[in-house]
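So this block is model-v7.cif, mmCIF, C-alpha atoms and all ligand atoms:
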data_protein
loop_
_atom_site.label_atom_id
_atom_site.label_comp_id
_atom_site.auth_asym_id
_atom_site.auth_seq_id
_atom_site.Cartn_x
_atom_site.Cartn_y
_atom_site.Cartn_z
CA MET A 1 120.63 23.96 -96.61
CA LEU A 2 116.87 24.04 -95.86
CA ASP A 3 117.44 25.52 -92.40
CA GLN A 4 114.75 28.16 -92.78
CA LEU A 5 111.65 26.60 -94.26
CA PRO A 6 108.44 28.55 -94.76
CA ASP A 7 105.19 27.51 -93.06
CA ARG A 8 103.42 27.38 -96.39
CA VAL A 9 104.02 27.10 -100.14
CA SER A 10 101.60 27.79 -102.98
CA VAL A 11 101.10 25.20 -105.72
CA TYR A 12 100.02 26.19 -109.22
CA GLU A 13 98.50 23.19 -110.99
CA VAL A 14 99.24 23.04 -114.72
CA SER A 15 98.27 19.48 -115.72
CA LEU A 16 95.16 20.48 -117.65
CA ARG A 17 97.18 22.92 -119.73
CA ASP A 18 100.89 22.07 -119.84
CA GLY A 19 100.21 18.39 -119.23
CA LEU A 20 97.49 17.87 -121.81
CA GLN A 21 99.07 20.08 -124.50
CA ASN A 22 101.90 17.56 -124.63
CA GLU A 23 99.77 14.42 -124.75
CA PRO A 24 99.38 12.62 -128.09
CA VAL A 25 95.66 12.08 -127.45
CA VAL A 26 93.01 14.78 -127.47
CA VAL A 27 91.10 14.36 -124.21
CA PRO A 28 87.34 15.02 -124.45
CA THR A 29 86.04 18.02 -122.50
CA THR A 30 83.92 15.88 -120.14
CA LYS A 31 87.02 13.96 -119.06
CA LYS A 32 88.94 17.20 -118.51
CA LEU A 33 86.10 18.33 -116.25
CA ARG A 34 86.41 15.10 -114.26
CA LEU A 35 90.09 15.77 -113.73
CA LEU A 36 89.41 19.39 -112.82
CA ASP A 37 86.83 18.30 -110.22
CA ALA A 38 89.32 15.83 -108.73
CA LEU A 39 91.97 18.56 -108.49
CA VAL A 40 89.54 20.93 -106.77
CA ALA A 41 88.52 18.13 -104.37
CA ALA A 42 92.20 17.67 -103.49
CA GLY A 43 92.38 21.30 -102.40
CA LEU A 44 94.24 22.90 -105.28
CA GLY A 45 93.40 26.59 -105.29
CA ARG A 46 95.21 27.71 -108.45
CA ILE A 47 94.46 25.71 -111.57
CA GLU A 48 95.59 26.58 -115.09
CA MET A 49 92.85 24.84 -117.03
CA THR A 50 93.56 25.56 -120.71
CA SER A 51 95.02 27.98 -123.29
CA PHE A 52 93.28 30.45 -125.55
CA VAL A 53 95.83 29.78 -128.27
CA SER A 54 95.29 28.76 -131.88
CA PRO A 55 93.52 25.37 -132.10
CA LYS A 56 95.67 24.70 -135.17
CA TRP A 57 98.83 25.04 -133.09
CA VAL A 58 97.55 23.18 -130.01
CA PRO A 59 94.62 20.92 -130.99
CA GLN A 60 94.63 19.27 -127.55
CA LEU A 61 93.23 22.53 -126.10
CA ALA A 62 90.87 23.40 -128.95
CA ASP A 63 87.91 23.07 -126.55
CA ALA A 64 89.15 25.96 -124.36
CA ASP A 65 86.00 28.08 -124.74
CA GLU A 66 83.69 25.14 -124.09
CA LEU A 67 85.71 23.95 -121.09
CA ALA A 68 85.79 27.42 -119.53
CA ARG A 69 82.04 27.77 -120.09
CA LEU A 70 81.33 24.49 -118.32
CA VAL A 71 83.57 25.07 -115.30
CA GLU A 72 81.53 26.23 -112.33
CA PRO A 73 83.12 28.88 -110.14
CA ARG A 74 84.35 27.41 -106.83
CA PRO A 75 85.00 29.53 -103.77
CA GLY A 76 88.70 29.99 -103.14
CA VAL A 77 89.78 28.50 -106.49
CA THR A 78 91.33 30.57 -109.28
CA PHE A 79 91.04 29.11 -112.77
CA SER A 80 93.44 30.52 -115.32
CA ALA A 81 94.37 30.09 -118.98
CA LEU A 82 97.27 31.01 -121.23
CA CYS A 83 96.66 33.89 -123.58
CA PRO A 84 99.01 34.88 -126.43
CA ASN A 85 97.31 37.81 -128.20
CA PRO A 86 94.18 40.04 -128.52
CA LYS A 87 92.14 37.17 -129.94
CA GLY A 88 93.10 35.09 -126.92
CA LEU A 89 92.11 37.91 -124.57
CA GLU A 90 88.78 38.31 -126.31
CA ARG A 91 88.14 34.61 -125.67
CA ALA A 92 89.35 34.88 -122.06
CA ILE A 93 87.03 37.82 -121.34
CA HIS A 94 84.11 36.03 -122.96
CA ALA A 95 84.87 32.93 -120.87
CA LYS A 96 85.13 35.07 -117.71
CA VAL A 97 88.41 33.53 -116.57
CA ALA A 98 89.84 35.06 -113.40
CA GLU A 99 93.46 35.00 -114.55
CA ILE A 100 95.48 34.78 -117.75
CA GLY A 101 99.07 33.73 -118.28
CA LEU A 102 101.24 35.67 -120.74
CA PHE A 103 104.10 33.54 -122.01
CA VAL A 104 107.33 34.49 -123.69
CA SER A 105 110.64 32.74 -124.09
CA ALA A 106 114.07 34.03 -123.08
CA SER A 107 115.35 32.43 -126.29
CA GLU A 108 114.60 34.25 -129.54
CA THR A 109 114.50 31.06 -131.61
CA HIS A 110 112.24 29.20 -129.19
CA ASN A 111 109.89 32.17 -128.97
CA LYS A 112 109.64 32.39 -132.75
CA LYS A 113 108.83 28.71 -133.01
CA ASN A 114 106.31 28.87 -130.15
CA VAL A 115 104.30 31.96 -131.07
CA ASN A 116 105.61 32.98 -134.49
CA LYS A 117 106.93 36.33 -133.25
CA THR A 118 110.13 37.88 -131.92
CA ILE A 119 110.44 38.45 -128.18
CA GLU A 120 110.04 42.23 -128.72
CA ALA A 121 106.91 41.76 -130.83
CA THR A 122 105.50 39.39 -128.22
CA LEU A 123 106.10 41.94 -125.46
CA ALA A 124 104.51 44.64 -127.63
CA THR A 125 101.41 42.43 -127.96
CA PHE A 126 101.37 41.96 -124.20
CA ALA A 127 101.59 45.74 -123.76
CA GLU A 128 98.31 45.87 -125.71
CA ILE A 129 96.47 43.12 -123.89
CA ALA A 130 97.71 43.29 -120.28
CA PRO A 131 96.08 46.66 -119.47
CA ALA A 132 92.89 45.56 -121.23
CA ALA A 133 92.84 42.35 -119.22
CA ARG A 134 93.32 44.19 -115.96
CA ALA A 135 90.63 46.71 -116.91
CA ALA A 136 88.33 43.71 -117.38
CA GLY A 137 89.16 42.54 -113.85
CA ILE A 138 91.44 39.69 -114.95
CA ARG A 139 94.63 39.01 -113.01
CA VAL A 140 97.74 38.64 -115.14
CA ARG A 141 100.62 36.24 -114.54
CA GLY A 142 103.72 35.88 -116.70
CA TYR A 143 106.00 33.09 -117.87
CA VAL A 144 109.59 33.34 -119.04
CA SER A 145 110.50 30.06 -120.75
CA THR A 146 113.73 28.23 -121.64
CA LEU A 147 115.69 29.93 -118.85
CA TRP A 148 117.67 26.82 -117.99
CA GLY A 149 118.42 26.06 -121.62
CA CYS A 150 116.95 26.20 -125.11
CA PRO A 151 116.76 23.31 -127.58
CA TYR A 152 118.00 25.67 -130.33
CA GLU A 153 120.26 28.19 -128.58
CA GLY A 154 121.65 26.15 -125.68
CA LYS A 155 122.58 28.09 -122.54
CA ILE A 156 120.63 31.26 -121.83
CA ASP A 157 121.95 34.21 -119.83
CA PRO A 158 119.51 34.58 -116.90
CA ARG A 159 119.88 38.35 -117.13
CA ARG A 160 118.10 38.22 -120.49
CA GLY A 161 115.22 36.51 -118.69
CA LEU A 162 115.34 38.99 -115.83
CA ALA A 163 115.00 41.92 -118.26
CA ILE A 164 111.91 40.23 -119.74
CA ALA A 165 110.50 39.55 -116.26
CA HIS A 166 110.86 43.26 -115.41
CA ARG A 167 108.88 44.12 -118.54
CA LEU A 168 106.14 41.63 -117.60
CA ILE A 169 105.92 43.05 -114.09
CA GLU A 170 105.76 46.61 -115.45
CA LEU A 171 102.80 45.43 -117.53
CA GLY A 172 101.02 44.35 -114.36
CA CYS A 173 101.95 40.67 -113.97
CA TYR A 174 101.65 39.94 -110.26
CA GLN A 175 104.08 37.05 -110.64
CA VAL A 176 106.46 35.65 -113.23
CA SER A 177 107.00 31.93 -113.47
CA LEU A 178 110.50 30.94 -114.54
CA GLY A 179 110.45 27.98 -116.91
CA ASP A 180 112.89 25.11 -117.23
CA THR A 181 110.86 24.32 -120.32
CA ILE A 182 112.86 21.33 -121.50
CA GLY A 183 113.96 20.07 -118.09
CA VAL A 184 117.72 20.47 -118.39
CA GLY A 185 118.26 22.31 -115.11
CA THR A 186 120.57 21.16 -112.33
CA PRO A 187 120.66 22.38 -108.72
CA LEU A 188 123.59 24.82 -108.71
CA GLN A 189 122.37 26.32 -111.96
CA THR A 190 118.96 26.74 -110.35
CA ARG A 191 120.52 28.51 -107.38
CA ASP A 192 122.40 30.87 -109.71
CA ILE A 193 119.30 31.67 -111.77
CA VAL A 194 117.07 32.20 -108.74
CA ARG A 195 119.68 34.46 -107.11
CA VAL A 196 119.82 36.65 -110.23
CA PHE A 197 116.04 37.12 -110.06
CA LEU A 198 115.76 37.59 -106.30
CA ARG A 199 118.41 40.29 -106.31
CA GLU A 200 115.87 42.51 -108.10
CA LEU A 201 112.43 40.96 -107.52
CA ARG A 202 110.49 40.10 -104.38
CA PRO A 203 110.09 36.34 -103.73
CA GLU A 204 106.31 36.49 -104.19
CA GLN A 205 106.88 37.89 -107.69
CA VAL A 206 108.76 34.75 -108.73
CA ALA A 207 107.53 31.18 -109.23
CA LEU A 208 109.41 28.15 -110.55
CA HIS A 209 108.01 26.09 -113.42
CA LEU A 210 110.17 22.99 -113.51
CA HIS A 211 109.98 20.15 -115.97
CA ASP A 212 111.19 16.72 -114.90
CA THR A 213 112.46 15.61 -118.30
CA ARG A 214 115.76 14.42 -116.80
CA GLY A 215 114.62 13.73 -113.24
CA THR A 216 116.01 16.93 -111.69
CA ALA A 217 112.79 18.89 -111.05
CA LEU A 218 112.44 17.99 -107.36
CA ALA A 219 116.12 18.73 -106.64
CA ASN A 220 115.76 22.07 -108.40
CA MET A 221 112.58 22.80 -106.44
CA LEU A 222 114.41 22.23 -103.15
CA VAL A 223 117.15 24.63 -104.17
CA GLY A 224 114.53 27.21 -105.16
CA LEU A 225 112.77 26.73 -101.82
CA ASP A 226 116.06 27.18 -99.98
CA CYS A 227 116.71 30.40 -101.91
CA GLY A 228 113.31 31.82 -100.88
CA ILE A 229 110.87 30.78 -103.64
CA ARG A 230 107.39 30.06 -102.28
CA ASP A 231 105.44 29.34 -105.50
CA PHE A 232 105.84 26.23 -107.61
CA ASP A 233 104.05 25.04 -110.75
CA ALA A 234 103.37 21.32 -110.96
CA SER A 235 101.32 18.76 -112.88
CA VAL A 236 99.43 15.91 -111.24
CA GLY A 237 100.99 12.51 -111.91
CA GLY A 238 103.74 14.29 -113.86
CA LEU A 239 101.21 14.43 -116.70
CA GLY A 240 102.63 15.74 -119.96
CA GLY A 241 105.91 15.37 -121.73
CA CYS A 242 108.43 17.37 -123.65
CA PRO A 243 108.13 17.97 -127.40
CA TYR A 244 111.94 17.94 -127.65
CA ALA A 245 112.39 14.66 -125.74
CA PRO A 246 109.78 12.14 -126.89
CA GLY A 247 108.74 9.76 -124.12
CA ALA A 248 110.24 11.89 -121.33
CA ALA A 249 108.44 12.95 -118.14
CA GLY A 250 106.38 16.14 -117.94
CA ASN A 251 106.33 18.85 -115.30
CA LEU A 252 107.36 18.29 -111.70
CA ALA A 253 104.65 15.93 -110.40
CA THR A 254 102.30 17.66 -107.96
CA GLU A 255 102.19 14.62 -105.66
CA ASP A 256 106.02 14.53 -105.46
CA LEU A 257 106.09 18.24 -104.64
CA VAL A 258 103.35 18.01 -102.01
CA PHE A 259 104.73 14.79 -100.46
CA THR A 260 108.16 16.37 -100.10
CA LEU A 261 106.84 19.65 -98.68
CA HIS A 262 104.47 18.00 -96.20
CA GLY A 263 107.26 15.66 -95.12
CA MET A 264 109.31 18.72 -94.20
CA GLY A 265 106.43 20.33 -92.33
CA VAL A 266 105.58 22.84 -95.05
CA ALA A 267 101.82 23.22 -95.58
CA THR A 268 100.19 23.44 -99.02
CA GLY A 269 96.47 23.23 -98.20
CA ILE A 270 96.34 20.10 -100.37
CA ASP A 271 95.08 16.68 -99.27
CA LEU A 272 97.74 14.26 -100.52
CA GLU A 273 95.46 11.23 -100.63
CA ARG A 274 92.87 13.05 -102.69
CA LEU A 275 95.64 14.43 -104.87
CA TRP A 276 96.83 10.89 -105.47
CA GLU A 277 93.28 10.00 -106.50
CA ALA A 278 93.30 12.95 -108.90
CA GLY A 279 96.48 11.48 -110.38
CA LYS A 280 94.60 8.25 -110.98
CA VAL A 281 91.90 10.23 -112.79
CA ALA A 282 94.61 11.94 -114.86
CA GLU A 283 96.02 8.55 -115.77
CA SER A 284 92.64 7.23 -116.84
CA VAL A 285 91.81 10.27 -118.97
CA VAL A 286 95.03 10.02 -120.98
CA GLY A 287 95.04 6.22 -120.98
CA ARG A 288 98.73 5.71 -120.21
CA PRO A 289 100.78 5.19 -117.05
CA LEU A 290 102.04 8.47 -115.60
CA PRO A 291 105.62 8.98 -114.41
CA GLY A 292 105.17 10.68 -111.02
CA LYS A 293 107.02 8.80 -108.26
CA VAL A 294 104.44 9.22 -105.49
CA HIS A 295 101.76 8.57 -108.07
CA GLN A 296 103.35 5.18 -108.70
CA ALA A 297 104.27 4.32 -105.10
CA GLY A 298 100.97 5.40 -103.53
CA VAL A 299 100.33 7.18 -100.23
CA ARG A 300 97.98 4.91 -98.27
CA SER A 301 100.77 2.66 -96.95
CA LEU A 302 102.22 5.71 -95.18
CA ARG A 303 99.41 5.79 -92.62
CA SER A 304 100.68 4.66 -89.26
P1 LIG B 401 99.93 32.79 -136.04
O1 LIG B 401 99.64 31.71 -137.03
O2 LIG B 401 101.14 33.63 -136.22
O3 LIG B 401 98.65 33.71 -135.82
O4 LIG B 401 100.00 32.11 -134.60
P2 LIG B 401 97.98 34.83 -136.68
O5 LIG B 401 97.76 36.00 -135.80
O6 LIG B 401 98.71 35.03 -137.98
O7 LIG B 401 96.56 34.16 -137.02
C1 LIG B 401 96.47 32.98 -137.82
C2 LIG B 401 95.14 32.30 -137.55
O8 LIG B 401 95.07 31.89 -136.18
C3 LIG B 401 93.94 33.21 -137.76
O9 LIG B 401 92.86 32.37 -138.18
C4 LIG B 401 93.65 33.72 -136.39
O10 LIG B 401 92.30 34.12 -136.21
C5 LIG B 401 93.95 32.51 -135.55
P3 LIG B 401 92.50 32.16 -139.73
O11 LIG B 401 92.25 33.55 -140.24
O12 LIG B 401 93.70 31.51 -140.36
O13 LIG B 401 91.31 31.28 -139.66
N1 LIG B 401 94.32 32.86 -134.17
C6 LIG B 401 93.72 32.40 -133.07
N2 LIG B 401 92.71 31.52 -132.91
C7 LIG B 401 92.33 31.28 -131.65
N3 LIG B 401 92.89 31.83 -130.56
C8 LIG B 401 93.90 32.71 -130.68
C9 LIG B 401 94.35 33.01 -132.00
N4 LIG B 401 95.30 33.84 -132.45
C10 LIG B 401 95.27 33.75 -133.79
N5 LIG B 401 94.45 33.27 -129.61
C11 LIG B 401 99.70 32.13 -132.24
C12 LIG B 401 100.25 32.87 -133.45
C13 LIG B 401 100.23 32.82 -131.00
C14 LIG B 401 98.19 32.17 -132.27
C15 LIG B 401 100.20 30.66 -132.32
O14 LIG B 401 101.57 30.66 -132.51
C16 LIG B 401 99.86 29.86 -131.10
O15 LIG B 401 98.69 29.62 -130.80
N6 LIG B 401 100.87 29.43 -130.36
C17 LIG B 401 100.62 28.67 -129.13
C18 LIG B 401 101.83 28.03 -128.67
C19 LIG B 401 101.60 27.32 -127.37
O16 LIG B 401 100.52 27.24 -126.82
N7 LIG B 401 102.71 26.78 -126.86
C20 LIG B 401 102.70 26.09 -125.65
C21 LIG B 401 102.57 27.02 -124.46
S1 LIG B 401 104.07 27.79 -123.90
C22 LIG B 401 104.75 26.63 -122.89
O17 LIG B 401 104.32 25.52 -122.89
C23 LIG B 401 105.82 27.03 -121.94
C24 LIG B 401 105.30 27.14 -120.52
O18 LIG B 401 104.74 25.92 -120.08
C25 LIG B 401 106.43 27.54 -119.57
C26 LIG B 401 107.66 26.66 -119.66
O19 LIG B 401 107.56 25.43 -119.66
O20 LIG B 401 108.75 27.26 -119.68
C27 LIG B 401 104.20 28.21 -120.41
MG MG B 402 105.90 24.17 -119.29
#
Could you write out this structure as structure tokens?
Ligand code: HMG
Ligand code: MG
Amino acid sequence: MLDQLPDRVSVYEVSLRDGLQNEPVVVPTTKKLRLLDALVAAGLGRIEMTSFVSPKWVPQLADADELARLVEPRPGVTFSALCPNPKGLERAIHAKVAEIGLFVSASETHNKKNVNKTIEATLATFAEIAPAARAAGIRVRGYVSTLWGCPYEGKIDPRRGLAIAHRLIELGCYQVSLGDTIGVGTPLQTRDIVRVFLRELRPEQVALHLHDTRGTALANMLVGLDCGIRDFDASVGGLGGCPYAPGAAGNLATEDLVFTLHGMGVATGIDLERLWEAGKVAESVVGRPLPGKVHQAGVRSLRS
């Protein structure tokens, strides 16, 4: 295992969106901007900063328009936002975001609870908005959630997810991020899921979006890396949580991902010390200790 490592891996930072949407506190926009600046300073080049979803459904991200308006463009950095429907796209176009994320679940029940629509109706909405987004010069990425398991339906057949990923790619998504939404994945399962996708999709079309709810995100990442995945979503400090497991950890922590990759000689373009500092900012903006391992252990003592 891990005999053929790539020179470089791309990190997609989701703390401001996936992290904050799961926090009990609503973080003021100015504090979000502080975190965003710290992430940019650390060298993150792909940052999902918010969601243009209903503020009634996700009050933590109700300031999406304001946040996007206040973010200054930075060379080499792509800021993105989730977008569920035409109203979301209208907001994304107005905010001039470079990229939107279309999200759909592989589980019918989870999808209904998340966006109040069936999977088919969600894909039909995407068929409306994806071409319009691309015509407006916006890049489109996709998510397929609950692939490792659903809180309502249990195990999910990865081929259901693959069929959805094909539809997203046909609609112009340059990449589809596969979600272990509730963090139930284990390594051999990850290998099986990734193999199903890579039989039909190119590696650059697939990213992994792993949650660390049960402490398996890093192990699953390594299996994905070994299978050929080169794109990983992560959240600084492990910011966030899981609505189905109160008190549990959030996404794979960006520092843990970067520490592990750098330790194996895989470049990310990220400065780990500055990333650690960004984790400290994340901790101060939410006002609670964050679960990331490197975040807690620190990186300075590693200097020889
Ligand atoms: P709905 O209630 O069915 O929407 O919600 P609707 O079309 O019937 O509209 C109802 C009201 O919402 C209307 O306002 C609309 O204008 C408004 P009213 O007339 O009552 O005043 N509305 C909007 N407002 C702002 N922005 C919009 C928008 N759309 C409608 N875009 C909806 C449907 C999709 C809006 C709702 O279900 C929603 O916002 N869901 C968001 C769910 C969400 O963000 N979940 C978390 C992200 S997914 C995730 O975390 C998984 C992921 O991380 C990957 C993984 O882990 O696997 C990506
Ligand atoms: Mg997620």
Around all the atoms of region 32-39 of chain A listed in the file, draw an axis-aligned box and extend it by 8 Å on each of the six sides; I want its centre and edge lengths in Å to one decimal, as JSON.
{"center_x": 89.0, "center_y": 17.2, "center_z": -113.5, "size_x": 21.9, "size_y": 20.3, "size_z": 26.0}
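When CA of Ile193 (chain A) is paired with CA of Lys117 (chain A), their separation reads 25.2 Å.
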message = Residues near Ala136 (chain A), anyone? I mean within 12 Å using all atoms listed in the file, not counting same-chain ones fewer than 6 positions away, as a VMD selection string.
response = chain A and resid 89 to 90 92 to 100 129 to 130
Could you list the protein, DNA and RNA residues that have any atom within 7 Å of ligand LIG 401 (chain B), counting only C-alpha atoms and all ligand atoms, and write them as a PDB file with C-alpha atoms, in the coordinates of the input?
ATOM      1  CA  ASP A  18     100.890  22.070-119.840  1.00  0.00           C
ATOM      2  CA  SER A  51      95.020  27.980-123.290  1.00  0.00           C
ATOM      3  CA  PHE A  52      93.280  30.450-125.550  1.00  0.00           C
ATOM      4  CA  VAL A  53      95.830  29.780-128.270  1.00  0.00           C
ATOM      5  CA  SER A  54      95.290  28.760-131.880  1.00  0.00           C
ATOM      6  CA  PRO A  55      93.520  25.370-132.100  1.00  0.00           C
ATOM      7  CA  TRP A  57      98.830  25.040-133.090  1.00  0.00           C
ATOM      8  CA  VAL A  58      97.550  23.180-130.010  1.00  0.00           C
ATOM      9  CA  CYS A  83      96.660  33.890-123.580  1.00  0.00           C
ATOM     10  CA  PRO A  84      99.010  34.880-126.430  1.00  0.00           C
ATOM     11  CA  ASN A  85      97.310  37.810-128.200  1.00  0.00           C
ATOM     12  CA  PRO A  86      94.180  40.040-128.520  1.00  0.00           C
ATOM     13  CA  LYS A  87      92.140  37.170-129.940  1.00  0.00           C
ATOM     14  CA  GLY A  88      93.100  35.090-126.920  1.00  0.00           C
ATOM     15  CA  PHE A 103     104.100  33.540-122.010  1.00  0.00           C
ATOM     16  CA  ASN A 114     106.310  28.870-130.150  1.00  0.00           C
ATOM     17  CA  VAL A 115     104.300  31.960-131.070  1.00  0.00           C
ATOM     18  CA  ASN A 116     105.610  32.980-134.490  1.00  0.00           C
ATOM     19  CA  TYR A 143     106.000  33.090-117.870  1.00  0.00           C
ATOM     20  CA  VAL A 144     109.590  33.340-119.040  1.00  0.00           C
ATOM     21  CA  SER A 145     110.500  30.060-120.750  1.00  0.00           C
ATOM     22  CA  THR A 146     113.730  28.230-121.640  1.00  0.00           C
ATOM     23  CA  LEU A 178     110.500  30.940-114.540  1.00  0.00           C
ATOM     24  CA  GLY A 179     110.450  27.980-116.910  1.00  0.00           C
ATOM     25  CA  ASP A 180     112.890  25.110-117.230  1.00  0.00           C
ATOM     26  CA  THR A 181     110.860  24.320-120.320  1.00  0.00           C
ATOM     27  CA  ILE A 182     112.860  21.330-121.500  1.00  0.00           C
ATOM     28  CA  HIS A 209     108.010  26.090-113.420  1.00  0.00           C
ATOM     29  CA  HIS A 211     109.980  20.150-115.970  1.00  0.00           C
TER      30      HIS A 211
END
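Here the question is which of A:Gly298, A:Thr190, A:Asn251, A:Arg214 gets nearest to Ala234 (chain A) using all atoms listed in the file, and that residue is A:Asn251.
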request  = Do a neighbour search on Ala163 (chain A) at 12 Å with only C-alpha atoms, toss out local chain neighbours closer than 5 positions, and write the hits as a list in words.
outcome  = Val104, Ser105, Ala106, Ile119, Glu120, Leu123, Val144, Asp157, Pro158, Leu168, Ile169, Glu170, Val176, Val196, Phe197, Glu200 and Leu201 of chain A
query = Pick from A:Asp3, A:Glu13, A:Glu273, A:Asp37: nearest to Leu239 (chain A), with only C-alpha atoms counted?
reply =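 Going through A:Asp3, A:Glu13, A:Glu273, A:Asp37 one by one, the smallest distance to Leu239 (chain A) is for A:Glu13.
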ask   = Which residues, written as number ranges by chain, have at least one atom at most 8 Å from Pro6 (chain A), with only C-alpha atoms counted and residues fewer than 2 positions away on the same chain left out?
value = A: 4, 8-9, 230, 266
Keeping only C-alpha atoms, write the selected residues as a PDB file, in the frame of the given file.
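And here's result_6.pdb as it stands now:
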ATOM      1  CA  GLN A   4     114.750  28.160 -92.780  1.00  0.00           C
ATOM      2  CA  ARG A   8     103.420  27.380 -96.390  1.00  0.00           C
ATOM      3  CA  VAL A   9     104.020  27.100-100.140  1.00  0.00           C
ATOM      4  CA  ARG A 230     107.390  30.060-102.280  1.00  0.00           C
ATOM      5  CA  VAL A 266     105.580  22.840 -95.050  1.00  0.00           C
TER       6      VAL A 266
END
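Of the listed residues (A:Gly292, A:Pro73, A:Gly269, A:Gly250), A:Gly250 comes nearest to ligand MG 402 (chain B); the distances count all atoms listed in the file.
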